[in-house]
Amino acid sequence: MKIVPLQRRIAAEDLHSLLADVDVVLDCSDNFATRHALNRACVVGRKPLVSGAAIRFDAQVAVFDLRKADAPCYACLFPEDGEIEDVQCSTMGVFAPLTGVVGALQAMEAAKLLVEAGQTLNGRLLLLDAKQSEWRTVRVKRDPACAVCALRAS
């Protein structure tokens, strides 16, 4: 197994070639434009996407196993044309230990996908309120009208 971290700006048109030889994509970005570009590339390439985010004292982790015909994609949860405020950690801050929790959960989900062990978070959004130390899980269904994944072949 080889892990290739990318810490540079990548043009959307380069994503398809970069993802061609990968087995799992981990999204550790901090903005919706990047998340949506990665999601579109993963939908086209049918690559599992492990998404993680943290801001202030709140975090979320989800898996979009796009190898499965009934799996939702990131845009099913957060539509590209949705009215979601794009706030970044650099502006709003983040409770530092929370990023470690999110990263560890993403690594765990990626490992489970790679070795096909256990049940992943595919179709579920795991939410953490670090102030209250409370976890919550929300089911995410594939949106038949999703602008990104609705037309993908089953």
# chains A, B, ... in the order shown; residues from 1 in each chain; ligands from 1

$ residues_around --residues "Glu13 in chain A" --least-positions-apart "5" --cutoff "10 Å" --atoms "only C-alpha atoms" --output "PyMOL selection string"
chain A and resi 18+37+41

$ write_last_selection --atoms "N, CA, C and O atoms" --output "mmCIF file, in the first residue's frame"
data_model
loop_
_atom_site.group_PDB
_atom_site.id
_atom_site.type_symbol
_atom_site.label_atom_id
_atom_site.label_comp_id
_atom_site.auth_asym_id
_atom_site.auth_seq_id
_atom_site.Cartn_x
_atom_site.Cartn_y
_atom_site.Cartn_z
ATOM 1 N N LEU A 18 -5.327 11.900 -11.573
ATOM 2 C CA LEU A 18 -4.732 11.625 -10.264
ATOM 3 C C LEU A 18 -5.448 10.479 -9.542
ATOM 4 O O LEU A 18 -4.823 9.706 -8.824
ATOM 5 N N ALA A 37 -15.478 19.239 -6.070
ATOM 6 C CA ALA A 37 -14.633 18.797 -7.188
ATOM 7 C C ALA A 37 -14.160 17.363 -6.955
ATOM 8 O O ALA A 37 -14.185 16.523 -7.872
ATOM 9 N N ALA A 41 -15.182 13.921 -9.219
ATOM 10 C CA ALA A 41 -14.166 13.015 -9.759
ATOM 11 C C ALA A 41 -14.353 11.601 -9.223
ATOM 12 O O ALA A 41 -14.182 10.621 -9.962
#

$ residues_around --residues "Leu105 in chain A" --least-positions-apart "2" --cutoff "10 Å" --atoms "only C-alpha atoms" --output "list in words"
Val50, Ser51, Gly52, Gln60, Val61, Ala62, Thr99, Gly100, Val101, Val102, Gly103, Ala107, Met108, Glu109, Ala110, Ala111 and Leu126 of chain A

$ closest_residue --among "A:Ala33, A:Ala59, A:Val24, A:Leu77" --to "Lys47 in chain A" --atoms "only C-alpha atoms"
A:Val24

$ closest_residue --among "A:Ala147, A:Ala71, A:Leu113, A:Ile55" --to "Ala96 in chain A" --atoms "only C-alpha atoms"
A:Ile55

$ select_by_dssp --residues "chain A" --states "strand (DSSP E or B)" --output "JSON, numbers by chain"
{"A": [25, 26, 27, 48, 49, 50, 51, 52, 53, 54, 55, 56, 58, 59, 60, 61, 62, 63, 64, 65, 94, 122, 124, 125, 126, 127, 128, 129, 134, 135, 136, 137, 138, 139]}

$ residues_around --residues "Lys112 in chain A" --least-positions-apart "5" --cutoff "12 Å" --atoms "only C-alpha atoms" --output "list in words"
Asp23, Val24, Pro48, Val50, Val63, Asp65, Leu105, Gln106, Ala107, Ala117, Gly118, Gln119, Thr120, Leu121 and Asn122 of chain A

$ write_last_selection --atoms "N, CA, C and O atoms" --output "compact mmCIF listing (two decimals), in the first residue's frame"
# COMPACT_ATOMS: atom_id res chain seq x y z
N ASP A 23 -7.23 3.65 -4.67
CA ASP A 23 -8.31 2.77 -4.22
C ASP A 23 -9.32 3.51 -3.35
O ASP A 23 -10.50 3.16 -3.34
N VAL A 24 -8.87 4.51 -2.60
CA VAL A 24 -9.73 5.28 -1.70
C VAL A 24 -9.23 6.72 -1.69
O VAL A 24 -8.03 6.97 -1.70
N PRO A 48 -14.31 5.20 -3.75
CA PRO A 48 -14.85 5.53 -2.42
C PRO A 48 -14.22 6.83 -1.92
O PRO A 48 -13.02 7.05 -2.06
N VAL A 50 -13.86 9.24 1.47
CA VAL A 50 -13.99 9.37 2.92
C VAL A 50 -13.85 10.85 3.23
O VAL A 50 -12.79 11.44 3.06
N VAL A 63 -18.70 8.33 4.67
CA VAL A 63 -18.13 7.55 3.58
C VAL A 63 -19.14 7.52 2.45
O VAL A 63 -20.34 7.27 2.68
N ASP A 65 -19.29 5.38 -0.69
CA ASP A 65 -18.67 4.26 -1.42
C ASP A 65 -19.28 4.19 -2.81
O ASP A 65 -20.22 3.44 -3.07
N LEU A 105 -10.57 8.86 12.49
CA LEU A 105 -11.77 8.21 11.98
C LEU A 105 -11.70 8.02 10.46
O LEU A 105 -12.10 6.97 9.94
N GLN A 106 -11.17 9.00 9.76
CA GLN A 106 -11.02 8.86 8.31
C GLN A 106 -10.05 7.72 7.98
O GLN A 106 -10.31 6.93 7.07
N ALA A 107 -8.95 7.65 8.71
CA ALA A 107 -7.98 6.57 8.48
C ALA A 107 -8.62 5.21 8.75
O ALA A 107 -8.41 4.24 8.01
N ALA A 117 -13.34 -4.85 5.65
CA ALA A 117 -13.62 -5.34 7.00
C ALA A 117 -14.74 -4.52 7.64
O ALA A 117 -14.76 -3.29 7.52
N GLY A 118 -15.65 -5.19 8.30
CA GLY A 118 -16.68 -4.51 9.06
C GLY A 118 -17.62 -3.69 8.21
O GLY A 118 -17.68 -3.82 6.99
N GLN A 119 -18.36 -2.82 8.87
CA GLN A 119 -19.32 -1.95 8.21
C GLN A 119 -18.77 -0.53 8.22
O GLN A 119 -18.43 0.01 9.28
N THR A 120 -18.69 0.07 7.05
CA THR A 120 -18.20 1.45 6.98
C THR A 120 -19.34 2.42 7.25
O THR A 120 -20.49 2.02 7.42
N LEU A 121 -19.02 3.68 7.21
CA LEU A 121 -20.02 4.72 7.37
C LEU A 121 -20.77 5.02 6.07
O LEU A 121 -21.48 6.03 5.99
N ASN A 122 -20.64 4.18 5.06
CA ASN A 122 -21.33 4.42 3.79
C ASN A 122 -22.83 4.61 4.05
O ASN A 122 -23.47 3.79 4.69

$ closest_residue --among "A:Cys76, A:Ala20, A:Val43, A:Ala54" --to "Phe95 in chain A" --atoms "only C-alpha atoms"
A:Ala54

$ residues_around --residues "range 2-6 of chain A" --least-positions-apart "2" --cutoff "10 Å" --atoms "only C-alpha atoms" --output "MDAnalysis selection string"
chainID A and resid 8:10 22 24 26

$ write_last_selection --atoms "N, CA and C atoms" --output "short mmCIF file (atom, residue, chain, number, x, y, z; two decimals), in the first residue's frame"
data_model
loop_
_atom_site.label_atom_id
_atom_site.label_comp_id
_atom_site.auth_asym_id
_atom_site.auth_seq_id
_atom_site.Cartn_x
_atom_site.Cartn_y
_atom_site.Cartn_z
N ARG A 8 -1.02 20.55 -2.29
CA ARG A 8 -0.90 21.62 -3.27
C ARG A 8 -2.25 21.80 -3.95
N ARG A 9 -2.42 22.94 -4.58
CA ARG A 9 -3.66 23.21 -5.30
C ARG A 9 -3.66 22.38 -6.58
N ILE A 10 -4.78 21.72 -6.84
CA ILE A 10 -4.90 20.86 -8.01
C ILE A 10 -6.07 21.36 -8.84
N VAL A 22 -5.87 5.16 -7.67
CA VAL A 22 -6.07 5.09 -6.23
C VAL A 22 -7.25 4.18 -5.89
N VAL A 24 -8.87 4.51 -2.60
CA VAL A 24 -9.73 5.28 -1.70
C VAL A 24 -9.23 6.72 -1.69
N LEU A 26 -9.37 10.32 0.46
CA LEU A 26 -9.69 10.98 1.72
C LEU A 26 -9.73 12.47 1.47
#

$ closest_residue --among "A:Asp129, A:Glu80, A:Asp143, A:Asp70" --to "Leu98 in chain A" --atoms "only C-alpha atoms"
A:Asp129

$ closest_residue --among "A:Ala11, A:Thr137, A:Pro79, A:Leu49" --to "Leu114 in chain A" --atoms "only C-alpha atoms"
A:Leu49

$ closest_residue --among "A:Arg67, A:Arg56, A:Arg124, A:Arg40" --to "Cys146 in chain A" --atoms "only C-alpha atoms"
A:Arg40

$ atom_distance --atom1 "CA of Val94 in chain A" --atom2 "CA of Ala130 in chain A"
10.6 Å

$ select_by_dssp --residues "range 9-144 of chain A" --states "helix (DSSP H, G or I)" --output "JSON, numbers by chain"
{"A": [12, 13, 14, 15, 16, 17, 18, 19, 32, 33, 34, 35, 36, 37, 38, 39, 40, 41, 42, 43, 44, 45, 74, 75, 76, 77, 89, 90, 91, 92, 96, 97, 98, 99, 100, 101, 102, 103, 104, 105, 106, 107, 108, 109, 110, 111, 112, 113, 114, 115]}

$ atom_distance --atom1 "CA of Leu38 in chain A" --atom2 "CA of Arg152 in chain A"
15.8 Å

$ decode --residues "range 105-118 of chain A" --atoms "N, CA and C atoms" --output "mmCIF file, in the first residue's frame"
data_model
loop_
_atom_site.group_PDB
_atom_site.id
_atom_site.type_symbol
_atom_site.label_atom_id
_atom_site.label_comp_id
_atom_site.auth_asym_id
_atom_site.auth_seq_id
_atom_site.Cartn_x
_atom_site.Cartn_y
_atom_site.Cartn_z
ATOM 1 N N LEU A 105 -10.567 8.864 12.487
ATOM 2 C CA LEU A 105 -11.775 8.213 11.977
ATOM 3 C C LEU A 105 -11.697 8.019 10.463
ATOM 4 N N GLN A 106 -11.172 9.003 9.756
ATOM 5 C CA GLN A 106 -11.020 8.857 8.312
ATOM 6 C C GLN A 106 -10.050 7.722 7.979
ATOM 7 N N ALA A 107 -8.949 7.645 8.708
ATOM 8 C CA ALA A 107 -7.983 6.568 8.482
ATOM 9 C C ALA A 107 -8.619 5.212 8.755
ATOM 10 N N MET A 108 -9.418 5.118 9.823
ATOM 11 C CA MET A 108 -10.092 3.867 10.159
ATOM 12 C C MET A 108 -11.057 3.462 9.043
ATOM 13 N N GLU A 109 -11.848 4.414 8.557
ATOM 14 C CA GLU A 109 -12.809 4.105 7.496
ATOM 15 C C GLU A 109 -12.095 3.708 6.207
ATOM 16 N N ALA A 110 -11.000 4.389 5.881
ATOM 17 C CA ALA A 110 -10.234 4.046 4.675
ATOM 18 C C ALA A 110 -9.654 2.641 4.792
ATOM 19 N N ALA A 111 -9.120 2.293 5.953
ATOM 20 C CA ALA A 111 -8.560 0.951 6.154
ATOM 21 C C ALA A 111 -9.647 -0.112 6.018
ATOM 22 N N LYS A 112 -10.829 0.153 6.567
ATOM 23 C CA LYS A 112 -11.929 -0.814 6.450
ATOM 24 C C LYS A 112 -12.334 -0.992 4.988
ATOM 25 N N LEU A 113 -12.340 0.090 4.223
ATOM 26 C CA LEU A 113 -12.658 -0.005 2.802
ATOM 27 C C LEU A 113 -11.604 -0.819 2.060
ATOM 28 N N LEU A 114 -10.338 -0.582 2.374
ATOM 29 C CA LEU A 114 -9.245 -1.266 1.677
ATOM 30 C C LEU A 114 -9.211 -2.766 1.939
ATOM 31 N N VAL A 115 -9.495 -3.152 3.182
ATOM 32 C CA VAL A 115 -9.415 -4.584 3.517
ATOM 33 C C VAL A 115 -10.790 -5.245 3.584
ATOM 34 N N GLU A 116 -11.829 -4.444 3.254
ATOM 35 C CA GLU A 116 -13.207 -4.946 3.252
ATOM 36 C C GLU A 116 -13.577 -5.601 4.580
ATOM 37 N N ALA A 117 -13.339 -4.847 5.654
ATOM 38 C CA ALA A 117 -13.622 -5.342 7.004
ATOM 39 C C ALA A 117 -14.737 -4.517 7.639
ATOM 40 N N GLY A 118 -15.646 -5.195 8.296
ATOM 41 C CA GLY A 118 -16.680 -4.509 9.059
ATOM 42 C C GLY A 118 -17.622 -3.691 8.206
#
